[in-house]
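K.L.:
Would you mind keeping the following structure in view while I ask a few things?
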Amino acid sequence: MITVRETEITMGVKNESTIQEFILEAFPAVQHLGNLLFLVHLLAYLVSIMGNMVIIIITWADHRLQTPMYVLLSTFSFCECCFITTVIPKLLSIFLSGRQTIPFSACLTQAFFFLFLGAVIFFLMAVMSLDRYLAICKPLHYASIMNLRVCFLLIFLCYTLSFILITCLMLKVSQLLFCGPHVLSHFFCDLGSLIHLSCSDTRSVEMYFFFASVFVILLSLIVTIIAYSNIVVTVLRLPSAKERQKAFSTCSSHLIVLSLMYGSCVFIYLKPKQVNRLDSNREAALVNTVVTPLLNPVIYTLRNKQVHQALRDTLSRVRLQK
């Protein structure tokens, strides 16, 4: 038989969990450098947004770039813009004002979009690697295999699979109770840190989160490794040393960004216990939210001569219209 005291405790816990706000403290050790860090991260954020927006605009403004490769790149750029916008504005406000509060519902929403867009980005990277493999290793069959219809179908699958995986995860997280400490040692609602604060049994959520992370990251990583391994073999067979050097220059820059992205995410997510290394996860997360989004526009597209030409043509048309 349930006593009055037990009922009061249960109701108290439920009430706490429904009205709770979390505190994001980010990097308290360097808070005295808040203004400088604010300017640095604001500049990085604006450059990332502008670089990715340029890619999106010129892809859809110039019909010559409306091919599977550039449609995938523009979709990737759109996801990058949304991805960093879910976390960087909050980080900037923390640098200016110190630790920030965030309501429970807003915290779950931020965590959902961060993980959903992150999963889409990983799947898109795998599809982009596959596209480059077909273009370089199977050029005669490329047009028949990778057309715009197939491209849009693959993009749809990336979004759908990510939505299903992350929605199921967040439904599990939303059922957890939070009745103890409410300070997140992070600059956004990182799910590992959030689970650590729950006073419920989190084993099933942690296992689902771990296996979902393994599925998204390793599936994408395996496809990318196989694609680029075949690309490297094909490039080595090129008769011209100049062609080989040019191809390796492009591939190496791609692989640097991929290594940063996969390396930091493997470090953060591919360990069964999310309680371990929470502080180091915070620093590693900066790589995905600040560094790689800054490099991606330059590495993937803005070094491309075809894009440079399309950009010049677009600017010329704008001048003529004026």
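Letters for chains follow the order of the structure tokens (A, B, ...), residue numbers begin at 1 for each chain, and ligand numbers begin at 1 in the order shown.
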Which residues are close to Ile102 of chain A, i.e. within 8 Å by only C-alpha atoms, leaving aside same-chain residues fewer than 2 positions away? Reply as JSON, numbers by chain.
P.N.:
{"A": [21, 22, 23, 24, 100, 104, 106, 107]}
K.L.:
Output N, CA and C atoms of each residue in that selection to a file, as a short mmCIF file (atom, residue, chain, number, x, y, z; two decimals), in the first residue's frame.
P.N.:
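Output below, filename again.cif:
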```cif
data_model
loop_
_atom_site.label_atom_id
_atom_site.label_comp_id
_atom_site.auth_asym_id
_atom_site.auth_seq_id
_atom_site.Cartn_x
_atom_site.Cartn_y
_atom_site.Cartn_z
N GLU A 21 14.37 24.13 -15.25
CA GLU A 21 15.22 24.79 -16.22
C GLU A 21 16.64 24.29 -16.01
N PHE A 22 17.37 24.16 -17.10
CA PHE A 22 18.77 23.77 -17.00
C PHE A 22 19.65 25.01 -17.12
N ILE A 23 20.82 24.91 -16.54
CA ILE A 23 21.80 26.00 -16.63
C ILE A 23 22.97 25.52 -17.49
N LEU A 24 23.25 26.27 -18.55
CA LEU A 24 24.40 25.97 -19.42
C LEU A 24 25.57 26.83 -18.95
N GLN A 100 23.83 30.52 -18.85
CA GLN A 100 22.49 30.83 -19.32
C GLN A 100 21.52 29.73 -18.90
N PHE A 104 13.29 23.25 -20.02
CA PHE A 104 13.39 21.82 -20.34
C PHE A 104 12.93 21.54 -21.76
N ALA A 106 12.75 23.62 -24.34
CA ALA A 106 13.69 24.21 -25.29
C ALA A 106 14.97 23.39 -25.37
N CYS A 107 15.37 22.82 -24.25
CA CYS A 107 16.57 21.99 -24.20
C CYS A 107 16.38 20.73 -25.05
#
```
K.L.:
I need the alpha helix (DSSP H) residues of segment 93-123 of chain A per DSSP on the backbone, written as a list in words.
P.N.:
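Taking segment 93-123 of chain A and keeping alpha helix (DSSP H) only, one gets Ser93, Ile94, Phe95, Leu96, Ser97, Phe104, Ser105, Ala106, Cys107, Leu108, Thr109, Gln110, Ala111, Phe112, Phe113, Phe114, Leu115, Phe116, Leu117, Gly118, Ala119, Val120, Ile121, Phe122 and Phe123 of chain A.
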K.L.:
Based on the backbone DSSP call, show me all residues of segment 48-235 of chain A assigned strand (DSSP E or B), as a PyMOL selection string.
P.N.:
chain A and resi 100-103+183-184
K.L.:
Which residues, written as a VMD selection string, have at least one atom at most 8 Å from Met146 of chain A, with only C-alpha atoms counted and residues fewer than 4 positions away on the same chain left out?
P.N.:
chain A and resid 68 131 134 142 150 to 151
K.L.:
Applying 7 Å and only C-alpha atoms, which residues near Ile231 of chain A remain after dropping the ones on its own chain fewer than 4 positions away? List them as number ranges by chain.
P.N.:
A: 133, 136-137, 227, 235
K.L.:
Measuring between only C-alpha atoms, which one of A:Ile56, A:Leu191, A:Leu286, A:Cys265 shows the shortest distance to Ala26 of chain A?
P.N.:
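For Ala26 of chain A, the nearest of the given residues is A:Leu286.
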K.L.:
Find, counting only C-alpha atoms, the residue in A:Cys251, A:Ala111, A:Ala126, A:Leu117 that gets nearest to Leu169 of chain A.
P.N.:
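The answer is A:Ala111, which sits nearest to Leu169 of chain A.
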K.L.:
From the set A:Leu176, A:Ile88, A:Ile256, A:Leu270, which residue has the shortest atom-to-atom contact distance to Ser204 of chain A, counting only C-alpha atoms?
P.N.:
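Smallest distance to Ser204 of chain A is found for A:Leu176.
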K.L.:
As a PyMOL selection string, please: the residues near Ile49 of chain A (cut-off 9 Å, only C-alpha atoms, same-chain neighbours under 3 positions excluded).
P.N.:
chain A and resi 44-46+52-54+77+80-81+84-85+293-294
K.L.:
Next, the residues of the selection above should be written as a PDB file, in the first residue's frame with C-alpha atoms.
P.N.:
```pdb
ATOM      1  CA  ALA A  44      33.562  32.176 -37.433  1.00  0.00           C
ATOM      2  CA  TYR A  45      29.752  31.821 -37.356  1.00  0.00           C
ATOM      3  CA  LEU A  46      29.167  34.646 -39.846  1.00  0.00           C
ATOM      4  CA  ASN A  52      27.413  28.125 -47.119  1.00  0.00           C
ATOM      5  CA  MET A  53      24.784  30.619 -48.306  1.00  0.00           C
ATOM      6  CA  VAL A  54      26.979  31.498 -51.313  1.00  0.00           C
ATOM      7  CA  SER A  77      25.455  23.573 -46.904  1.00  0.00           C
ATOM      8  CA  GLU A  80      25.416  23.040 -41.974  1.00  0.00           C
ATOM      9  CA  CYS A  81      23.764  26.478 -41.651  1.00  0.00           C
ATOM     10  CA  ILE A  84      25.470  25.570 -36.322  1.00  0.00           C
ATOM     11  CA  THR A  85      22.503  27.921 -35.803  1.00  0.00           C
ATOM     12  CA  PRO A 293      31.581  24.322 -40.705  1.00  0.00           C
ATOM     13  CA  LEU A 294      34.172  27.054 -41.274  1.00  0.00           C
TER      14      LEU A 294
END
```
K.L.:
Could you check the closest approach to Phe215 of chain A for each of A:Tyr269, A:Tyr159, A:Asp313, A:Phe114 and tell me which residue wins, using only C-alpha atoms?
P.N.:
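So, comparing all the options, the nearest one is A:Tyr269.
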